[in-house]
Amino acid sequence: MSDQDIELEARLTEQEYFEPPEEFVEQANVSDPAVYDRFDEFPEGFEEYAEMLDWNEEWDTVLDDSNPPFYEWFVGGELNASANCIDRHLDDRGDETAILWEGEEGETRHISYRELHEEVNEMAAALRASGVEEDEVVTIHMPMVPALPVTMLACARIGAPHSVVFAGFSATALSDRVNSADSDHVVTIDGYYRRGDFLNHIEKADEAMGNVDHDPEVLVWTRHDEPEVDVSDDYTLVADLLAEHEGEEVEPVSRDAEDPLFLMYTSGTTGQPKGCQHRTGGYLAYAAGTCNYVEDIKPEDTYWCSADIGWITGHTYIVYGPLALGTTTVMYEGAPDYPDKSRTWEIAEAYDVDIFHTSPTAVRQFMKWGTEHIEGHDFDFRHMTTVGEPIQPEAWLWYYQHIGGEDAVIVDTWWQTETGGHLITNLPAIQDMKPGSAGVAAPGIEPAIYDDDGEPVDAETGQAGNLVIERPWPGMLQTVYGDDERFIAEYWERFSDTDSNDSEDWVYEAGDGAVQATDGYYRILGRLDDVMNVAGHRLGTMEIESAVSEVDAVAESAVASREDAEKGEVPDVYVTLREGVEESEEVRQEIVESIEEGIGKFARPNEVIFVDDLPKTRSGKIMRRLLENISNGEDLGNTTTLRDPSVAERIRDQIHAD
Ligand code: PRX
């Protein structure tokens, strides 16, 4: 243990809770615990969030729960998300910065609400002129450049749900999503900067289009004035379209509250990712509400969430929530260690960031890089967030001391792509912080912990179990795009009475393990299903396995999660080879490449381990849990259900031979 670790441990032993500074409480958007009572008026409590938006048509029913789990929120209401994020701020804040963008090479753009209005209108006109119709899903494969939120908001303006695919996803992942959403339009960009290199991004679209089962139109933004890489003649340059529609305004389409705003594909327990479909009214209300109460955002703040817009965190907490509240949201294109490890703090200082939102993986990285990169940078956060993975108390305390200067609050927020916004989190002026604990239920949310038989586990027992949500909330997904049955099977079936039409009999299964302490705080333990969390990126073990199975030499494979001090979890791939194939560096390389091609470089395995056989139950099911125990150097545990227990022992001996 280093001196730093010993000091952190000592402080944590001494202090379990940390109070929010008085100065914070005094200025907080919400500091009266009565907020919880208001939201306990269910479902009317959630109107408080909906009232933060501008509606063209007021809703007549807050929640229609007559056909669970297909809940409907703010029924009868009409609104437009783009108008809520832009137009309604023009009178008061038109000249204030909406998006503050910094490119990796150092260029910056301060896009005012008025400029954003112009750009989004022109893009909306361009999309419409290209034939994008209301309710058509537009797939967007773009990195962290302003054109990404502009395209999203332009889609929202004309009522075309967007499906943003994280730029790091491969061509195959892109074509899968274009096919699944049946998109007739794909928006991409020629390239972008990453660690000083200009990456050719459009080549992924080029390759993907070969695997798309229809013939979408490809619209291409350019990172600079002119394309820097070859752009196919079959594609349309967005710049040309914008020139044709310069100065045009597009009336925001009045969308039904239940009309979908976007799809976000995420990994589940099968090889195919699921398109989580989010509604317009409930989602935007929940995004704005949690940005207001949990993130404590005020219009005059500069707020920086360092996630990527290609994931749900970026959708809710870079784009929709902050812009709905009329604040300044920061976007940074590149890597946090380029050109050096102080880049994050330079940005925080240069823009005088008030609220900073990041992941535990990033905190662990900053901690490893050391305080010398922070020192000398003059920034002062009032509020900090973590999201995406459990944060170890030591990392929490380091964040609190070295980034927050012991006078910023930290909120650890638990939620998922499916939930649209935070579900378990403290309201920073109301509860004390407890390192390592996500905190209490957000207003109006009813989490619980069930044992495997569906019986509630009492906090007094200190027992871990399945995290569930017992009541609907406005930010929840509507369904899995085009697959209502999968929606029920993935999230509801296990703990609900699926024959019942009474919403009290329907319970949402999060897929996470959790434990509740007697103070009411939840500690999230991680996924219980075959989903991994690699540096905050969600990956299905089946998705990785299906990429591995593309390699001819491979007979069978199983992916196990290994704990990792920096990334939280990393995938180990266990592989058996076909008869007559010898293990070799080439085969290993082929496997790695197949994963990079099938999913993306971020899914690259930690290790590829060649074994003679995989541990299987008598019915032939591969026991990944055992492989996880092996990867993590833990006891094998009960192996009596195995067809051949010696297989697991042999693998363990092979791996831990030294
Ligand atoms: O396992 C939980 C973990 O991230 C999963 C959701 O991943 P994704 O849909 O990609 O959304 C990430 C951003 C919301 C969850 O099932 N997770 C999320 N937040 C936390 C967390 N684990 C522990 N603590 C958190 N605060």
# chains A, B, ... in the order shown; residues from 1 in each chain; ligands from 1
call {"tool": "closest_atom_pairs", "arguments": {"of": "chain A", "to": "ligand 1", "cutoff": "7 Å", "atoms": "only C-alpha atoms and all ligand atoms", "output": "Markdown table"}}
result
| residue | atom | partner | partner_atom_place_in_ligand_line | distance |
| --- | --- | --- | --- | --- |
| A:Thr266 | CA | ligand 1 | 9 (O) | 6.6 |
| A:Trp311 | CA | ligand 1 | 10 (O) | 6.8 |
| A:Ile312 | CA | ligand 1 | 13 (C) | 6.1 |
| A:Thr313 | CA | ligand 1 | 13 (C) | 5.3 |
| A:Thr386 | CA | ligand 1 | 26 (N) | 6.4 |
| A:Val387 | CA | ligand 1 | 26 (N) | 4.5 |
| A:Gly388 | CA | ligand 1 | 18 (C) | 3.4 |
| A:Glu389 | CA | ligand 1 | 22 (N) | 3.5 |
| A:Pro390 | CA | ligand 1 | 23 (C) | 3.5 |
| A:Ile391 | CA | ligand 1 | 24 (N) | 6.6 |
| A:Asp412 | CA | ligand 1 | 26 (N) | 5.1 |
| A:Thr413 | CA | ligand 1 | 26 (N) | 4.2 |
| A:Trp414 | CA | ligand 1 | 26 (N) | 3.5 |
| A:Trp415 | CA | ligand 1 | 14 (C) | 4.5 |
| A:Gln416 | CA | ligand 1 | 9 (O) | 3.7 |
| A:Thr417 | CA | ligand 1 | 9 (O) | 3.6 |
| A:Glu418 | CA | ligand 1 | 9 (O) | 6.4 |
| A:Ala438 | CA | ligand 1 | 26 (N) | 5.5 |
| A:Ala510 | CA | ligand 1 | 16 (O) | 6.3 |
| A:Gly511 | CA | ligand 1 | 16 (O) | 6.2 |
| A:Asp512 | CA | ligand 1 | 16 (O) | 5.4 |
| A:Ile524 | CA | ligand 1 | 23 (C) | 4.9 |
| A:Leu525 | CA | ligand 1 | 23 (C) | 6.6 |
| A:Gly526 | CA | ligand 1 | 1 (O) | 4.6 |
| A:Arg527 | CA | ligand 1 | 1 (O) | 4.8 |
| A:Asn533 | CA | ligand 1 | 4 (O) | 6.5 |
| A:Gly536 | CA | ligand 1 | 12 (C) | 6.6 |
| A:His537 | CA | ligand 1 | 10 (O) | 5.8 |
| A:Arg538 | CA | ligand 1 | 10 (O) | 4.7 |
call {"tool": "select_by_dssp", "arguments": {"residues": "range 181-396 of chain A", "states": "alpha helix (DSSP H)", "output": "MDAnalysis selection string"}}
result
chainID A and resid 181 202:209 238:244 281:293 312:314 321:324 343:350 360:369 393:396
call {"tool": "write_last_selection", "arguments": {"atoms": "C-alpha atoms", "output": "short mmCIF file (atom, residue, chain, number, x, y, z; two decimals), in the first residue's frame"}}
result
data_model
loop_
_atom_site.label_atom_id
_atom_site.label_comp_id
_atom_site.auth_asym_id
_atom_site.auth_seq_id
_atom_site.Cartn_x
_atom_site.Cartn_y
_atom_site.Cartn_z
CA ALA A 181 -33.72 0.46 -37.19
CA ILE A 202 -16.05 7.50 -42.94
CA GLU A 203 -14.37 4.25 -43.91
CA LYS A 204 -16.53 2.56 -41.29
CA ALA A 205 -19.65 3.81 -43.07
CA ASP A 206 -18.17 2.71 -46.42
CA GLU A 207 -17.71 -0.79 -45.10
CA ALA A 208 -21.02 -0.82 -43.23
CA MET A 209 -23.06 0.12 -46.29
CA VAL A 238 -24.02 18.11 -45.48
CA ALA A 239 -22.21 21.38 -46.26
CA ASP A 240 -23.80 21.44 -49.73
CA LEU A 241 -27.24 20.85 -48.28
CA LEU A 242 -26.75 23.54 -45.65
CA ALA A 243 -25.71 26.03 -48.31
CA GLU A 244 -28.94 25.31 -50.14
CA GLY A 281 -42.37 13.95 -23.10
CA GLY A 282 -41.51 11.66 -20.21
CA TYR A 283 -37.85 11.38 -21.17
CA LEU A 284 -37.29 15.10 -21.61
CA ALA A 285 -39.17 15.90 -18.40
CA TYR A 286 -37.05 13.39 -16.50
CA ALA A 287 -33.83 14.68 -18.09
CA ALA A 288 -34.64 18.30 -17.23
CA GLY A 289 -35.89 17.40 -13.75
CA THR A 290 -32.84 15.41 -12.73
CA CYS A 291 -30.48 18.00 -14.25
CA ASN A 292 -32.21 20.55 -12.10
CA TYR A 293 -32.46 18.62 -8.82
CA ILE A 312 -26.93 7.46 -22.89
CA THR A 313 -25.07 9.66 -20.39
CA GLY A 314 -24.22 12.06 -23.18
CA GLY A 321 -31.10 17.89 -19.88
CA PRO A 322 -28.61 20.78 -19.80
CA LEU A 323 -29.98 22.44 -22.94
CA ALA A 324 -33.56 22.08 -21.74
CA ARG A 343 -5.79 18.56 -20.43
CA THR A 344 -8.95 18.03 -18.36
CA TRP A 345 -7.89 20.61 -15.76
CA GLU A 346 -6.82 23.09 -18.42
CA ILE A 347 -10.32 22.93 -19.87
CA ALA A 348 -11.88 23.22 -16.41
CA GLU A 349 -9.78 26.32 -15.73
CA ALA A 350 -10.18 27.94 -19.14
CA PRO A 360 -15.10 6.19 -11.84
CA THR A 361 -12.74 4.86 -14.54
CA ALA A 362 -11.67 8.42 -15.28
CA VAL A 363 -11.24 9.14 -11.57
CA ARG A 364 -9.05 6.05 -11.15
CA GLN A 365 -7.01 7.16 -14.13
CA PHE A 366 -6.55 10.69 -12.77
CA MET A 367 -5.55 9.15 -9.46
CA LYS A 368 -2.96 6.95 -11.15
CA TRP A 369 -1.58 9.86 -13.15
CA PRO A 393 -14.37 4.60 -1.48
CA GLU A 394 -10.64 5.30 -1.94
CA ALA A 395 -11.20 6.70 -5.44
CA TRP A 396 -14.18 8.66 -4.16
#
call {"tool": "residues_around", "arguments": {"residues": "Lys616 in chain A", "least_positions_apart": "5", "cutoff": "8 Å", "atoms": "only C-alpha atoms", "output": "PyMOL selection string"}}
result
chain A and resi 621-623+642-644
call {"tool": "write_last_selection", "arguments": {"atoms": "C-alpha atoms", "output": "mmCIF file, in the first residue's frame"}}
result
data_model
loop_
_atom_site.group_PDB
_atom_site.id
_atom_site.type_symbol
_atom_site.label_atom_id
_atom_site.label_comp_id
_atom_site.auth_asym_id
_atom_site.auth_seq_id
_atom_site.Cartn_x
_atom_site.Cartn_y
_atom_site.Cartn_z
ATOM 1 C CA LYS A 621 -24.191 -25.030 -20.707
ATOM 2 C CA ILE A 622 -20.854 -23.227 -20.413
ATOM 3 C CA MET A 623 -20.309 -21.986 -16.858
ATOM 4 C CA LEU A 642 -20.195 -29.839 -13.871
ATOM 5 C CA ARG A 643 -20.096 -32.669 -16.337
ATOM 6 C CA ASP A 644 -16.364 -32.948 -15.737
#
call {"tool": "closest_atom_pairs", "arguments": {"of": "range 103-141 of chain A", "to": "range 74-88 of chain A", "cutoff": "8 Å", "atoms": "only C-alpha atoms", "output": "Markdown table"}}
result
| residue | atom | partner | partner_atom | distance |
| --- | --- | --- | --- | --- |
| A:Tyr113 | CA | A:Ile86 | CA | 6.1 |
| A:Arg114 | CA | A:Ile86 | CA | 7.9 |
| A:Leu116 | CA | A:Ile86 | CA | 7.3 |
| A:His117 | CA | A:Ile86 | CA | 6.1 |
call {"tool": "write_last_selection", "arguments": {"atoms": "N, CA and C atoms", "output": "short mmCIF file (atom, residue, chain, number, x, y, z; two decimals), in the first residue's frame"}}
result
data_model
loop_
_atom_site.label_atom_id
_atom_site.label_comp_id
_atom_site.auth_asym_id
_atom_site.auth_seq_id
_atom_site.Cartn_x
_atom_site.Cartn_y
_atom_site.Cartn_z
N TYR A 113 -27.12 30.19 -28.07
CA TYR A 113 -28.43 29.59 -28.34
C TYR A 113 -28.96 30.06 -29.70
N ARG A 114 -28.67 31.32 -30.04
CA ARG A 114 -29.15 31.82 -31.33
C ARG A 114 -28.46 31.10 -32.48
N LEU A 116 -27.10 28.16 -32.33
CA LEU A 116 -27.56 26.77 -32.33
C LEU A 116 -28.91 26.69 -33.04
N HIS A 117 -29.74 27.69 -32.78
CA HIS A 117 -31.05 27.74 -33.42
C HIS A 117 -30.89 27.75 -34.95
#
call {"tool": "closest_residue", "arguments": {"among": "A:Gly271, A:Ile140, A:Gly326, A:Val409", "to": "Leu90 in chain A", "atoms": "only C-alpha atoms"}}
result
A:Gly326
call {"tool": "closest_atom_pairs", "arguments": {"of": "range 103-138 of chain A", "to": "range 160-180 of chain A", "cutoff": "6 Å", "atoms": "only C-alpha atoms", "output": "tab-separated table"}}
result
residue	atom	partner	partner_atom	distance
A:Glu134	CA	A:Ala160	CA	4.8
A:Asp135	CA	A:Ala160	CA	4.6
A:Glu136	CA	A:Ala160	CA	5.1
A:Val137	CA	A:Pro161	CA	4.9
A:Val138	CA	A:His162	CA	4.8
call {"tool": "residues_around", "arguments": {"residues": "Leu63 in chain A", "least_positions_apart": "2", "cutoff": "10 Å", "atoms": "only C-alpha atoms", "output": "list in words"}}
result
Phe42, Pro43, Glu44, Phe46, Trp59, Asp60, Thr61, Asp65, Ser66, Tyr71, Glu72, Trp73, Phe74, Val75, Gly282, Pro472, Trp473 and Pro474 of chain A
call {"tool": "select_by_dssp", "arguments": {"residues": "range 326-469 of chain A", "states": "strand (DSSP E)", "output": "VMD selection string"}}
result
chain A and resid 328 to 332 355 to 358 383 to 387 409 to 413 447 to 450 465 to 469
call {"tool": "residues_around", "arguments": {"residues": "Asp484 in chain A", "least_positions_apart": "5", "cutoff": "9 Å", "atoms": "only C-alpha atoms", "output": "PDB file with C-alpha atoms, in the first residue's frame"}}
result
ATOM      1  CA  PHE A  70     -46.461  -0.360 -21.796  1.00  0.00           C
ATOM      2  CA  THR A 479     -40.046  -0.742 -25.381  1.00  0.00           C
ATOM      3  CA  ALA A 489     -38.619 -10.929 -21.513  1.00  0.00           C
TER       4      ALA A 489
END
call {"tool": "residues_around", "arguments": {"residues": "range 32-35 of chain A", "least_positions_apart": "4", "cutoff": "8 Å", "atoms": "only C-alpha atoms", "output": "list in words"}}
result
Phe39, Ile430 and Pro443 of chain A
call {"tool": "write_last_selection", "arguments": {"atoms": "N, CA and C atoms", "output": "short mmCIF file (atom, residue, chain, number, x, y, z; two decimals), in the first residue's frame"}}
result
data_model
loop_
_atom_site.label_atom_id
_atom_site.label_comp_id
_atom_site.auth_asym_id
_atom_site.auth_seq_id
_atom_site.Cartn_x
_atom_site.Cartn_y
_atom_site.Cartn_z
N PHE A 39 -43.24 14.04 -4.41
CA PHE A 39 -43.13 12.98 -5.43
C PHE A 39 -43.78 11.68 -4.98
N ILE A 430 -29.44 17.59 0.26
CA ILE A 430 -30.32 16.99 1.27
C ILE A 430 -29.64 15.86 2.04
N PRO A 443 -36.34 11.14 -6.15
CA PRO A 443 -37.74 11.42 -5.84
C PRO A 443 -38.70 10.63 -6.74
#
call {"tool": "residues_around", "arguments": {"residues": "range 231-237 of chain A", "least_positions_apart": "3", "cutoff": "8 Å", "atoms": "only C-alpha atoms", "output": "CSV table (one decimal) with N, CA and C atoms, in the first residue's frame"}}
result
chain,number,residue,atom,x,y,z
A,190,ASP,N,-16.4,12.9,-42.0
A,190,ASP,CA,-15.2,12.3,-42.7
A,190,ASP,C,-14.2,11.8,-41.6
A,202,ILE,N,-15.0,7.8,-41.9
A,202,ILE,CA,-16.1,7.5,-42.9
A,202,ILE,C,-15.8,6.1,-43.5
A,217,GLU,N,-29.5,6.7,-47.7
A,217,GLU,CA,-28.7,7.8,-48.2
A,217,GLU,C,-27.7,8.2,-47.1
A,218,VAL,N,-26.5,8.4,-47.5
A,218,VAL,CA,-25.5,8.8,-46.5
A,218,VAL,C,-25.1,10.2,-46.6
A,219,LEU,N,-25.3,10.9,-45.4
A,219,LEU,CA,-25.0,12.4,-45.4
A,219,LEU,C,-23.7,12.6,-44.6
A,220,VAL,N,-22.8,13.4,-45.1
A,220,VAL,CA,-21.5,13.4,-44.5
A,220,VAL,C,-21.2,14.9,-44.1
A,221,TRP,N,-20.9,15.0,-42.8
A,221,TRP,CA,-20.4,16.3,-42.3
A,221,TRP,C,-18.9,16.2,-42.6
A,222,THR,N,-18.2,17.4,-42.6
A,222,THR,CA,-16.7,17.4,-42.7
A,222,THR,C,-16.2,18.1,-41.4
A,227,PRO,N,-13.5,18.0,-47.2
A,227,PRO,CA,-13.2,16.7,-46.7
A,227,PRO,C,-11.7,16.4,-46.7
A,240,ASP,N,-23.1,21.0,-48.5
A,240,ASP,CA,-23.8,21.4,-49.7
A,240,ASP,C,-25.3,21.6,-49.4
A,241,LEU,N,-25.8,20.7,-48.6
A,241,LEU,CA,-27.2,20.9,-48.3
A,241,LEU,C,-27.5,22.1,-47.5
call {"tool": "closest_residue", "arguments": {"among": "A:Arg604, A:Val647, A:Arg223, A:His383", "to": "Lys298 in chain A", "atoms": "only C-alpha atoms"}}
result
A:His383
call {"tool": "atom_distance", "arguments": {"atom1": "CA of Val132 in chain A", "atom2": "CA of Val186 in chain A"}}
result
10.4 Å
